[in-house]
>>> print(open('upload-v5.txt').read())   # compact mmCIF, N, CA and C atoms
# COMPACT_ATOMS: atom_id res chain seq x y z
N MET A 1 87.28 -118.20 -69.76
CA MET A 1 88.09 -117.00 -69.76
C MET A 1 87.24 -115.79 -70.18
N THR A 2 86.29 -116.03 -71.08
CA THR A 2 85.45 -114.92 -71.55
C THR A 2 84.55 -114.39 -70.44
N LYS A 3 84.34 -115.17 -69.39
CA LYS A 3 83.49 -114.73 -68.29
C LYS A 3 84.24 -113.93 -67.23
N LEU A 4 85.56 -113.86 -67.34
CA LEU A 4 86.33 -113.04 -66.40
C LEU A 4 86.04 -111.57 -66.69
N SER A 5 85.66 -110.82 -65.67
CA SER A 5 85.34 -109.41 -65.89
C SER A 5 86.60 -108.58 -66.16
N TYR A 6 87.73 -109.03 -65.63
CA TYR A 6 88.98 -108.31 -65.82
C TYR A 6 90.09 -109.33 -66.06
N LEU A 7 90.76 -109.21 -67.20
CA LEU A 7 91.86 -110.14 -67.50
C LEU A 7 93.12 -109.65 -66.80
N HIS A 8 93.49 -110.34 -65.75
CA HIS A 8 94.73 -110.04 -65.06
C HIS A 8 95.48 -111.36 -64.87
N GLU A 9 96.78 -111.28 -64.77
CA GLU A 9 97.60 -112.48 -64.79
C GLU A 9 97.19 -113.54 -63.76
N PRO A 10 96.99 -113.19 -62.49
CA PRO A 10 96.60 -114.25 -61.55
C PRO A 10 95.27 -114.92 -61.92
N GLY A 11 94.31 -114.15 -62.37
CA GLY A 11 93.01 -114.71 -62.75
C GLY A 11 93.12 -115.62 -63.95
N VAL A 12 93.89 -115.19 -64.94
CA VAL A 12 94.08 -115.99 -66.15
C VAL A 12 94.79 -117.30 -65.81
N LEU A 13 95.87 -117.21 -65.03
CA LEU A 13 96.62 -118.42 -64.67
C LEU A 13 95.79 -119.38 -63.83
N HIS A 14 95.00 -118.85 -62.92
CA HIS A 14 94.14 -119.70 -62.09
C HIS A 14 93.11 -120.41 -62.98
N ASN A 15 92.50 -119.66 -63.88
CA ASN A 15 91.51 -120.23 -64.79
C ASN A 15 92.12 -121.34 -65.63
N LEU A 16 93.30 -121.10 -66.18
CA LEU A 16 93.97 -122.11 -67.01
C LEU A 16 94.34 -123.34 -66.19
N ALA A 17 94.79 -123.14 -64.95
CA ALA A 17 95.15 -124.27 -64.09
C ALA A 17 93.93 -125.12 -63.76
N MET A 18 92.82 -124.46 -63.47
CA MET A 18 91.58 -125.20 -63.15
C MET A 18 91.12 -126.00 -64.36
N ARG A 19 91.16 -125.41 -65.54
CA ARG A 19 90.73 -126.10 -66.76
C ARG A 19 91.68 -127.26 -67.07
N TYR A 20 92.96 -127.06 -66.86
CA TYR A 20 93.95 -128.10 -67.11
C TYR A 20 93.66 -129.34 -66.25
N GLU A 21 93.33 -129.12 -64.99
CA GLU A 21 93.03 -130.22 -64.08
C GLU A 21 91.83 -131.04 -64.57
N LEU A 22 90.93 -130.41 -65.31
CA LEU A 22 89.73 -131.08 -65.83
C LEU A 22 89.92 -131.60 -67.26
N ASN A 23 91.17 -131.52 -67.78
CA ASN A 23 91.47 -131.86 -69.17
C ASN A 23 90.68 -131.01 -70.15
N GLU A 24 90.27 -129.83 -69.73
CA GLU A 24 89.64 -128.84 -70.61
C GLU A 24 90.78 -127.95 -71.11
N ILE A 25 91.45 -128.42 -72.15
CA ILE A 25 92.70 -127.77 -72.54
C ILE A 25 92.50 -126.54 -73.41
N TYR A 26 91.26 -126.27 -73.84
CA TYR A 26 90.99 -125.11 -74.68
C TYR A 26 90.11 -124.10 -73.94
N THR A 27 90.38 -122.84 -74.17
CA THR A 27 89.52 -121.77 -73.67
C THR A 27 89.63 -120.58 -74.62
N TYR A 28 88.63 -119.74 -74.63
CA TYR A 28 88.63 -118.55 -75.47
C TYR A 28 88.91 -117.31 -74.63
N THR A 29 89.54 -116.37 -75.26
CA THR A 29 89.54 -115.00 -74.78
C THR A 29 89.18 -114.18 -76.01
N GLY A 30 87.94 -113.78 -76.09
CA GLY A 30 87.43 -113.16 -77.31
C GLY A 30 87.38 -114.22 -78.39
N ASN A 31 87.92 -113.90 -79.55
CA ASN A 31 87.94 -114.89 -80.64
C ASN A 31 89.29 -115.59 -80.74
N ILE A 32 90.08 -115.48 -79.70
CA ILE A 32 91.39 -116.15 -79.64
C ILE A 32 91.25 -117.42 -78.81
N LEU A 33 91.77 -118.50 -79.35
CA LEU A 33 91.75 -119.78 -78.65
C LEU A 33 93.07 -119.96 -77.91
N ILE A 34 92.98 -120.27 -76.64
CA ILE A 34 94.18 -120.57 -75.85
C ILE A 34 94.16 -122.07 -75.59
N ALA A 35 95.26 -122.72 -75.89
CA ALA A 35 95.38 -124.16 -75.68
C ALA A 35 96.51 -124.43 -74.70
N ILE A 36 96.30 -125.41 -73.86
CA ILE A 36 97.33 -125.84 -72.92
C ILE A 36 97.73 -127.25 -73.32
N ASN A 37 99.02 -127.49 -73.45
CA ASN A 37 99.51 -128.81 -73.80
C ASN A 37 99.19 -129.76 -72.64
N PRO A 38 98.39 -130.80 -72.88
CA PRO A 38 98.03 -131.71 -71.79
C PRO A 38 99.13 -132.73 -71.48
N PHE A 39 100.16 -132.80 -72.32
CA PHE A 39 101.26 -133.74 -72.17
C PHE A 39 100.76 -135.18 -72.08
N GLN A 40 99.66 -135.44 -72.75
CA GLN A 40 99.11 -136.79 -72.88
C GLN A 40 98.20 -136.79 -74.09
N ARG A 41 97.93 -137.96 -74.60
CA ARG A 41 97.03 -138.10 -75.74
C ARG A 41 95.58 -137.99 -75.26
N LEU A 42 94.80 -137.20 -75.97
CA LEU A 42 93.36 -137.09 -75.69
C LEU A 42 92.62 -137.34 -77.00
N PRO A 43 92.67 -138.59 -77.50
CA PRO A 43 92.13 -138.89 -78.83
C PRO A 43 90.65 -138.58 -78.99
N HIS A 44 89.88 -138.65 -77.91
CA HIS A 44 88.45 -138.36 -78.01
C HIS A 44 88.17 -136.91 -78.42
N LEU A 45 89.14 -136.03 -78.22
CA LEU A 45 88.97 -134.63 -78.61
C LEU A 45 89.10 -134.42 -80.11
N TYR A 46 89.65 -135.39 -80.84
CA TYR A 46 89.97 -135.17 -82.24
C TYR A 46 89.40 -136.24 -83.17
N ASP A 47 88.46 -137.02 -82.70
CA ASP A 47 87.91 -138.07 -83.55
C ASP A 47 86.88 -137.50 -84.53
N THR A 48 86.40 -138.37 -85.41
CA THR A 48 85.44 -137.96 -86.44
C THR A 48 84.15 -137.43 -85.83
N HIS A 49 83.74 -138.00 -84.72
CA HIS A 49 82.53 -137.53 -84.04
C HIS A 49 82.67 -136.06 -83.64
N MET A 50 83.83 -135.69 -83.10
CA MET A 50 84.07 -134.29 -82.72
C MET A 50 84.10 -133.40 -83.95
N MET A 51 84.71 -133.85 -85.03
CA MET A 51 84.74 -133.06 -86.25
C MET A 51 83.33 -132.79 -86.75
N GLU A 52 82.51 -133.81 -86.69
CA GLU A 52 81.13 -133.67 -87.15
C GLU A 52 80.36 -132.67 -86.29
N GLN A 53 80.62 -132.67 -84.98
CA GLN A 53 79.95 -131.73 -84.08
C GLN A 53 80.28 -130.28 -84.42
N TYR A 54 81.54 -130.01 -84.72
CA TYR A 54 81.97 -128.63 -84.95
C TYR A 54 81.70 -128.16 -86.38
N LYS A 55 81.43 -129.09 -87.26
CA LYS A 55 81.18 -128.76 -88.66
C LYS A 55 79.94 -127.86 -88.77
N GLY A 56 80.15 -126.61 -89.15
CA GLY A 56 79.06 -125.67 -89.35
C GLY A 56 78.48 -125.06 -88.09
N ALA A 57 78.97 -125.42 -86.92
CA ALA A 57 78.46 -124.85 -85.66
C ALA A 57 78.90 -123.40 -85.53
N ALA A 58 78.05 -122.58 -84.97
CA ALA A 58 78.39 -121.17 -84.74
C ALA A 58 79.52 -121.09 -83.72
N PHE A 59 80.42 -120.14 -83.94
CA PHE A 59 81.56 -119.95 -83.03
C PHE A 59 81.04 -119.61 -81.63
N GLY A 60 81.49 -120.36 -80.63
CA GLY A 60 81.07 -120.14 -79.26
C GLY A 60 79.86 -120.96 -78.85
N GLU A 61 79.22 -121.62 -79.81
CA GLU A 61 78.05 -122.45 -79.51
C GLU A 61 78.46 -123.70 -78.74
N LEU A 62 79.59 -124.28 -79.11
CA LEU A 62 80.12 -125.47 -78.45
C LEU A 62 81.33 -125.09 -77.60
N ASN A 63 81.84 -126.03 -76.85
CA ASN A 63 83.03 -125.78 -76.03
C ASN A 63 84.19 -125.30 -76.91
N PRO A 64 85.08 -124.50 -76.34
CA PRO A 64 86.25 -124.05 -77.11
C PRO A 64 87.03 -125.24 -77.67
N HIS A 65 87.45 -125.10 -78.92
CA HIS A 65 88.16 -126.21 -79.57
C HIS A 65 88.89 -125.67 -80.80
N VAL A 66 89.98 -126.31 -81.15
CA VAL A 66 90.73 -125.93 -82.34
C VAL A 66 89.88 -126.14 -83.60
N PHE A 67 88.98 -127.10 -83.58
CA PHE A 67 88.10 -127.32 -84.73
C PHE A 67 87.16 -126.13 -84.94
N ALA A 68 86.75 -125.46 -83.88
CA ALA A 68 85.87 -124.30 -84.01
C ALA A 68 86.59 -123.17 -84.76
N VAL A 69 87.84 -122.96 -84.44
CA VAL A 69 88.64 -121.92 -85.12
C VAL A 69 88.79 -122.28 -86.59
N ALA A 70 89.11 -123.52 -86.86
CA ALA A 70 89.27 -123.97 -88.25
C ALA A 70 87.96 -123.85 -89.01
N ASP A 71 86.86 -124.17 -88.37
CA ASP A 71 85.57 -124.12 -89.03
C ASP A 71 85.20 -122.69 -89.41
N VAL A 72 85.44 -121.73 -88.52
CA VAL A 72 85.15 -120.32 -88.81
C VAL A 72 85.96 -119.86 -90.02
N ALA A 73 87.24 -120.21 -90.05
CA ALA A 73 88.10 -119.80 -91.16
C ALA A 73 87.63 -120.45 -92.46
N TYR A 74 87.30 -121.72 -92.41
CA TYR A 74 86.85 -122.44 -93.60
C TYR A 74 85.54 -121.86 -94.12
N ARG A 75 84.59 -121.63 -93.22
CA ARG A 75 83.28 -121.09 -93.63
C ARG A 75 83.43 -119.71 -94.27
N ALA A 76 84.26 -118.85 -93.69
CA ALA A 76 84.47 -117.52 -94.27
C ALA A 76 85.08 -117.63 -95.65
N MET A 77 86.01 -118.56 -95.80
CA MET A 77 86.65 -118.77 -97.09
C MET A 77 85.64 -119.24 -98.13
N MET A 78 84.81 -120.21 -97.75
CA MET A 78 83.86 -120.78 -98.69
C MET A 78 82.67 -119.86 -98.96
N ASN A 79 82.11 -119.27 -97.93
CA ASN A 79 80.89 -118.47 -98.08
C ASN A 79 81.13 -117.05 -98.56
N GLU A 80 82.25 -116.47 -98.15
CA GLU A 80 82.51 -115.07 -98.46
C GLU A 80 83.70 -114.87 -99.39
N GLY A 81 84.37 -115.95 -99.74
CA GLY A 81 85.52 -115.85 -100.62
C GLY A 81 86.70 -115.13 -100.00
N LYS A 82 86.78 -115.15 -98.67
CA LYS A 82 87.86 -114.46 -97.97
C LYS A 82 89.02 -115.40 -97.71
N SER A 83 90.21 -114.92 -97.98
CA SER A 83 91.40 -115.69 -97.61
C SER A 83 91.54 -115.61 -96.09
N ASN A 84 92.09 -116.64 -95.50
CA ASN A 84 92.25 -116.68 -94.05
C ASN A 84 93.59 -117.24 -93.66
N SER A 85 94.01 -116.86 -92.49
CA SER A 85 95.20 -117.43 -91.87
C SER A 85 94.84 -117.80 -90.44
N ILE A 86 95.45 -118.84 -89.96
CA ILE A 86 95.31 -119.21 -88.56
C ILE A 86 96.71 -119.19 -87.98
N LEU A 87 96.92 -118.35 -87.00
CA LEU A 87 98.22 -118.22 -86.36
C LEU A 87 98.28 -119.15 -85.17
N VAL A 88 99.28 -120.02 -85.16
CA VAL A 88 99.50 -120.93 -84.04
C VAL A 88 100.82 -120.50 -83.42
N SER A 89 100.76 -120.05 -82.19
CA SER A 89 101.93 -119.47 -81.55
C SER A 89 102.13 -120.10 -80.17
N GLY A 90 103.36 -120.09 -79.70
CA GLY A 90 103.62 -120.59 -78.36
C GLY A 90 105.09 -120.91 -78.15
N GLU A 91 105.40 -121.24 -76.93
CA GLU A 91 106.77 -121.58 -76.55
C GLU A 91 107.15 -122.95 -77.12
N SER A 92 108.43 -123.24 -77.08
CA SER A 92 108.92 -124.55 -77.49
C SER A 92 108.26 -125.62 -76.62
N GLY A 93 107.73 -126.65 -77.26
CA GLY A 93 107.09 -127.73 -76.53
C GLY A 93 105.64 -127.46 -76.18
N ALA A 94 105.10 -126.34 -76.65
CA ALA A 94 103.72 -125.97 -76.31
C ALA A 94 102.70 -126.79 -77.09
N GLY A 95 103.11 -127.44 -78.16
CA GLY A 95 102.19 -128.25 -78.94
C GLY A 95 101.75 -127.61 -80.24
N LYS A 96 102.55 -126.67 -80.75
CA LYS A 96 102.18 -125.98 -82.00
C LYS A 96 102.08 -126.94 -83.17
N THR A 97 103.03 -127.84 -83.31
CA THR A 97 103.01 -128.78 -84.43
C THR A 97 101.80 -129.70 -84.34
N GLU A 98 101.50 -130.21 -83.17
CA GLU A 98 100.33 -131.08 -83.00
C GLU A 98 99.04 -130.32 -83.28
N THR A 99 98.96 -129.09 -82.81
CA THR A 99 97.77 -128.27 -83.06
C THR A 99 97.60 -128.02 -84.55
N THR A 100 98.70 -127.73 -85.24
CA THR A 100 98.63 -127.49 -86.68
C THR A 100 98.20 -128.76 -87.41
N LYS A 101 98.66 -129.92 -86.96
CA LYS A 101 98.22 -131.18 -87.56
C LYS A 101 96.71 -131.36 -87.40
N MET A 102 96.20 -131.01 -86.23
CA MET A 102 94.75 -131.14 -86.00
C MET A 102 93.97 -130.16 -86.87
N LEU A 103 94.49 -128.95 -87.02
CA LEU A 103 93.86 -127.97 -87.92
C LEU A 103 93.81 -128.50 -89.35
N MET A 104 94.93 -129.02 -89.80
CA MET A 104 95.00 -129.52 -91.17
C MET A 104 94.08 -130.73 -91.35
N ARG A 105 94.03 -131.58 -90.36
CA ARG A 105 93.17 -132.76 -90.44
C ARG A 105 91.71 -132.34 -90.54
N TYR A 106 91.31 -131.35 -89.75
CA TYR A 106 89.92 -130.89 -89.77
C TYR A 106 89.60 -130.21 -91.11
N LEU A 107 90.50 -129.38 -91.59
CA LEU A 107 90.27 -128.71 -92.87
C LEU A 107 90.20 -129.72 -94.01
N ALA A 108 91.02 -130.75 -93.95
CA ALA A 108 90.95 -131.81 -94.97
C ALA A 108 89.63 -132.55 -94.87
N TYR A 109 89.16 -132.77 -93.66
CA TYR A 109 87.86 -133.42 -93.44
C TYR A 109 86.74 -132.60 -94.07
N LEU A 110 86.77 -131.29 -93.87
CA LEU A 110 85.76 -130.42 -94.44
C LEU A 110 85.88 -130.34 -95.96
N GLY A 111 87.11 -130.41 -96.44
CA GLY A 111 87.37 -130.24 -97.87
C GLY A 111 86.94 -131.41 -98.72
N GLY A 112 86.63 -132.52 -98.12
CA GLY A 112 86.16 -133.66 -98.89
C GLY A 112 87.06 -134.85 -98.75
N ARG A 113 86.56 -135.96 -99.19
CA ARG A 113 87.28 -137.21 -99.04
C ARG A 113 87.55 -137.89 -100.37
N SER A 114 87.38 -137.16 -101.47
CA SER A 114 87.65 -137.79 -102.76
C SER A 114 89.13 -138.13 -102.86
N GLY A 115 89.41 -139.29 -103.36
CA GLY A 115 90.78 -139.76 -103.40
C GLY A 115 91.47 -139.51 -104.72
N VAL A 116 92.76 -139.29 -104.63
CA VAL A 116 93.62 -139.20 -105.80
C VAL A 116 94.66 -140.29 -105.61
N GLU A 117 94.77 -141.15 -106.59
CA GLU A 117 95.69 -142.29 -106.50
C GLU A 117 95.38 -143.15 -105.26
N GLY A 118 94.10 -143.27 -104.92
CA GLY A 118 93.71 -144.11 -103.80
C GLY A 118 93.90 -143.48 -102.43
N ARG A 119 94.30 -142.22 -102.39
CA ARG A 119 94.52 -141.55 -101.10
C ARG A 119 93.47 -140.46 -100.92
N THR A 120 92.97 -140.31 -99.69
CA THR A 120 92.00 -139.27 -99.41
C THR A 120 92.71 -137.92 -99.31
N VAL A 121 91.93 -136.86 -99.38
CA VAL A 121 92.49 -135.51 -99.20
C VAL A 121 93.16 -135.43 -97.84
N GLU A 122 92.50 -136.01 -96.83
CA GLU A 122 93.06 -135.98 -95.47
C GLU A 122 94.44 -136.65 -95.44
N GLN A 123 94.57 -137.81 -96.07
CA GLN A 123 95.86 -138.50 -96.09
C GLN A 123 96.92 -137.65 -96.78
N GLN A 124 96.55 -137.02 -97.88
CA GLN A 124 97.51 -136.20 -98.62
C GLN A 124 97.98 -135.00 -97.79
N VAL A 125 97.03 -134.36 -97.09
CA VAL A 125 97.40 -133.21 -96.26
C VAL A 125 98.31 -133.64 -95.12
N LEU A 126 97.95 -134.73 -94.46
CA LEU A 126 98.74 -135.18 -93.32
C LEU A 126 100.12 -135.69 -93.74
N GLU A 127 100.26 -136.08 -95.01
CA GLU A 127 101.58 -136.50 -95.50
C GLU A 127 102.53 -135.32 -95.61
N SER A 128 102.01 -134.11 -95.48
CA SER A 128 102.87 -132.93 -95.51
C SER A 128 103.54 -132.72 -94.15
N ASN A 129 103.34 -133.63 -93.23
CA ASN A 129 103.92 -133.53 -91.89
C ASN A 129 105.43 -133.25 -91.89
N PRO A 130 106.24 -133.84 -92.78
CA PRO A 130 107.66 -133.51 -92.77
C PRO A 130 107.94 -132.02 -92.94
N VAL A 131 107.10 -131.34 -93.70
CA VAL A 131 107.26 -129.89 -93.84
C VAL A 131 106.97 -129.21 -92.51
N LEU A 132 105.90 -129.63 -91.84
CA LEU A 132 105.58 -129.09 -90.51
C LEU A 132 106.72 -129.32 -89.54
N GLU A 133 107.24 -130.53 -89.55
CA GLU A 133 108.33 -130.85 -88.64
C GLU A 133 109.56 -130.01 -88.92
N ALA A 134 109.79 -129.70 -90.19
CA ALA A 134 110.93 -128.85 -90.53
C ALA A 134 110.80 -127.48 -89.87
N PHE A 135 109.59 -126.93 -89.89
CA PHE A 135 109.37 -125.64 -89.21
C PHE A 135 109.43 -125.82 -87.70
N GLY A 136 108.83 -126.91 -87.21
CA GLY A 136 108.78 -127.15 -85.77
C GLY A 136 110.14 -127.43 -85.18
N ASN A 137 111.07 -127.89 -85.99
CA ASN A 137 112.39 -128.23 -85.46
C ASN A 137 113.46 -127.22 -85.88
N ALA A 138 113.03 -126.05 -86.25
CA ALA A 138 113.99 -125.02 -86.64
C ALA A 138 114.75 -124.50 -85.43
N LYS A 139 115.98 -124.14 -85.62
CA LYS A 139 116.78 -123.56 -84.55
C LYS A 139 116.24 -122.17 -84.23
N THR A 140 116.03 -121.93 -82.96
CA THR A 140 115.56 -120.63 -82.51
C THR A 140 116.50 -120.10 -81.44
N VAL A 141 116.29 -118.86 -81.03
CA VAL A 141 117.11 -118.25 -79.99
C VAL A 141 117.00 -119.04 -78.69
N ARG A 142 115.79 -119.55 -78.40
CA ARG A 142 115.55 -120.22 -77.12
C ARG A 142 115.73 -121.73 -77.19
N ASN A 143 115.99 -122.27 -78.39
CA ASN A 143 115.94 -123.71 -78.53
C ASN A 143 116.75 -124.14 -79.74
N ASN A 144 117.66 -125.07 -79.55
CA ASN A 144 118.44 -125.58 -80.65
C ASN A 144 118.10 -127.05 -80.86
N ASN A 145 116.91 -127.30 -81.41
CA ASN A 145 116.52 -128.69 -81.65
C ASN A 145 116.45 -129.01 -83.12
N SER A 146 117.16 -128.24 -83.94
CA SER A 146 117.12 -128.50 -85.37
C SER A 146 117.83 -129.81 -85.67
N ARG A 147 117.38 -130.45 -86.75
CA ARG A 147 117.97 -131.74 -87.12
C ARG A 147 118.69 -131.60 -88.43
>>> encode(input="upload-v5.txt", output="structure tokens")
Amino acid sequence: MTKLSYLHEPGVLHNLAMRYELNEIYTYTGNILIAINPFQRLPHLYDTHMMEQYKGAAFGELNPHVFAVADVAYRAMMNEGKSNSILVSGESGAGKTETTKMLMRYLAYLGGRSGVEGRTVEQQVLESNPVLEAFGNAKTVRNNNSR
């Protein structure tokens, strides 16, 4: 997307469709990550090997990925003492909750693996999933899937 000389709707949609067909579900437009829900599991995109690749890599050095966004935020927080937020936005069913889980998993991976009560930091963070689901299942104007 960053190579498009002019961002216009047909060009953007064509680019996203082409990437979707290749299971390249992430792309950048500037420093914004656009993700397309693949409607299937792609576990190889989120394994420990991928986390290790993105750990400390310069933004844009590797293929677009949610781990790259998380890494930039984490590095700024650690190196510069800056607070950060990562905004995950999209339509109902776009994969916001899953993306947030991957962000949290990566940040927990970077934060260390020391255990408390026999549980790793990653396990503790991912156990907060019910809170995520509460936000993800909130009643909205376009969707009444609250539980």
>>> atom_distance(input="upload-v5.txt", atom1="atom CA of A:Asn31", atom2="atom CA of A:Val66")
11.5 Å
>>> atom_distance(input="upload-v5.txt", atom1="atom C of A:His8", atom2="atom C of A:Tyr28")
13.2 Å
>>> closest_atom_pairs(input="upload-v5.txt", of="stretch 55-89 of chain A", to="stretch 97-106 of chain A", cutoff="8 Å", atoms="all atoms listed in the file", output="tab-separated table")
residue	atom	partner	partner_atom	distance
A:Val66	C	A:Leu103	CA	6.2
A:Phe67	CA	A:Tyr106	CA	6.4
A:Val69	C	A:Leu103	CA	7.7
A:Ala70	CA	A:Leu103	CA	6.1
A:Asp71	N	A:Tyr106	C	7.2
A:Val88	CA	A:Thr100	N	7.0
>>> atom_distance(input="upload-v5.txt", atom1="atom CA of A:Ala57", atom2="atom N of A:Ile32")
16.1 Å
>>> closest_residue(input="upload-v5.txt", among="A:Gly90, A:Gly95, A:Gly56, A:Gly11", to="A:Asn37", atoms="only N, CA and C atoms")
A:Gly95
>>> residues_around(input="upload-v5.txt", residues="A:Thr27", least_positions_apart="2", cutoff="6.5 Å", atoms="all atoms listed in the file", output="list in words")
Met1, Glu24, Ile25, Thr29, Ile32, Leu33, Ile34, Ala35, Ile36, Pro64 and His65 of chain A
>>> write_last_selection(input="upload-v5.txt", atoms="N, CA and C atoms", output="PDB file, in the frame of the given file")
ATOM      1  N   MET A   1      87.280-118.200 -69.760  1.00  0.00           N
ATOM      2  CA  MET A   1      88.090-117.000 -69.760  1.00  0.00           C
ATOM      3  C   MET A   1      87.240-115.790 -70.180  1.00  0.00           C
ATOM      4  N   GLU A  24      90.270-129.830 -69.730  1.00  0.00           N
ATOM      5  CA  GLU A  24      89.640-128.840 -70.610  1.00  0.00           C
ATOM      6  C   GLU A  24      90.780-127.950 -71.110  1.00  0.00           C
ATOM      7  N   ILE A  25      91.450-128.420 -72.150  1.00  0.00           N
ATOM      8  CA  ILE A  25      92.700-127.770 -72.540  1.00  0.00           C
ATOM      9  C   ILE A  25      92.500-126.540 -73.410  1.00  0.00           C
ATOM     10  N   THR A  29      89.540-116.370 -75.260  1.00  0.00           N
ATOM     11  CA  THR A  29      89.540-115.000 -74.780  1.00  0.00           C
ATOM     12  C   THR A  29      89.180-114.180 -76.010  1.00  0.00           C
ATOM     13  N   ILE A  32      90.080-115.480 -79.700  1.00  0.00           N
ATOM     14  CA  ILE A  32      91.390-116.150 -79.640  1.00  0.00           C
ATOM     15  C   ILE A  32      91.250-117.420 -78.810  1.00  0.00           C
ATOM     16  N   LEU A  33      91.770-118.500 -79.350  1.00  0.00           N
ATOM     17  CA  LEU A  33      91.750-119.780 -78.650  1.00  0.00           C
ATOM     18  C   LEU A  33      93.070-119.960 -77.910  1.00  0.00           C
ATOM     19  N   ILE A  34      92.980-120.270 -76.640  1.00  0.00           N
ATOM     20  CA  ILE A  34      94.180-120.570 -75.850  1.00  0.00           C
ATOM     21  C   ILE A  34      94.160-122.070 -75.590  1.00  0.00           C
ATOM     22  N   ALA A  35      95.260-122.720 -75.890  1.00  0.00           N
ATOM     23  CA  ALA A  35      95.380-124.160 -75.680  1.00  0.00           C
ATOM     24  C   ALA A  35      96.510-124.430 -74.700  1.00  0.00           C
ATOM     25  N   ILE A  36      96.300-125.410 -73.860  1.00  0.00           N
ATOM     26  CA  ILE A  36      97.330-125.840 -72.920  1.00  0.00           C
ATOM     27  C   ILE A  36      97.730-127.250 -73.320  1.00  0.00           C
ATOM     28  N   PRO A  64      85.080-124.500 -76.340  1.00  0.00           N
ATOM     29  CA  PRO A  64      86.250-124.050 -77.110  1.00  0.00           C
ATOM     30  C   PRO A  64      87.030-125.240 -77.670  1.00  0.00           C
ATOM     31  N   HIS A  65      87.450-125.100 -78.920  1.00  0.00           N
ATOM     32  CA  HIS A  65      88.160-126.210 -79.570  1.00  0.00           C
ATOM     33  C   HIS A  65      88.890-125.670 -80.800  1.00  0.00           C
TER      34      HIS A  65
END
>>> closest_residue(input="upload-v5.txt", among="A:Ala108, A:Ala17, A:Val72, A:Asn23", to="A:Asn84", atoms="only C-alpha atoms")
A:Val72
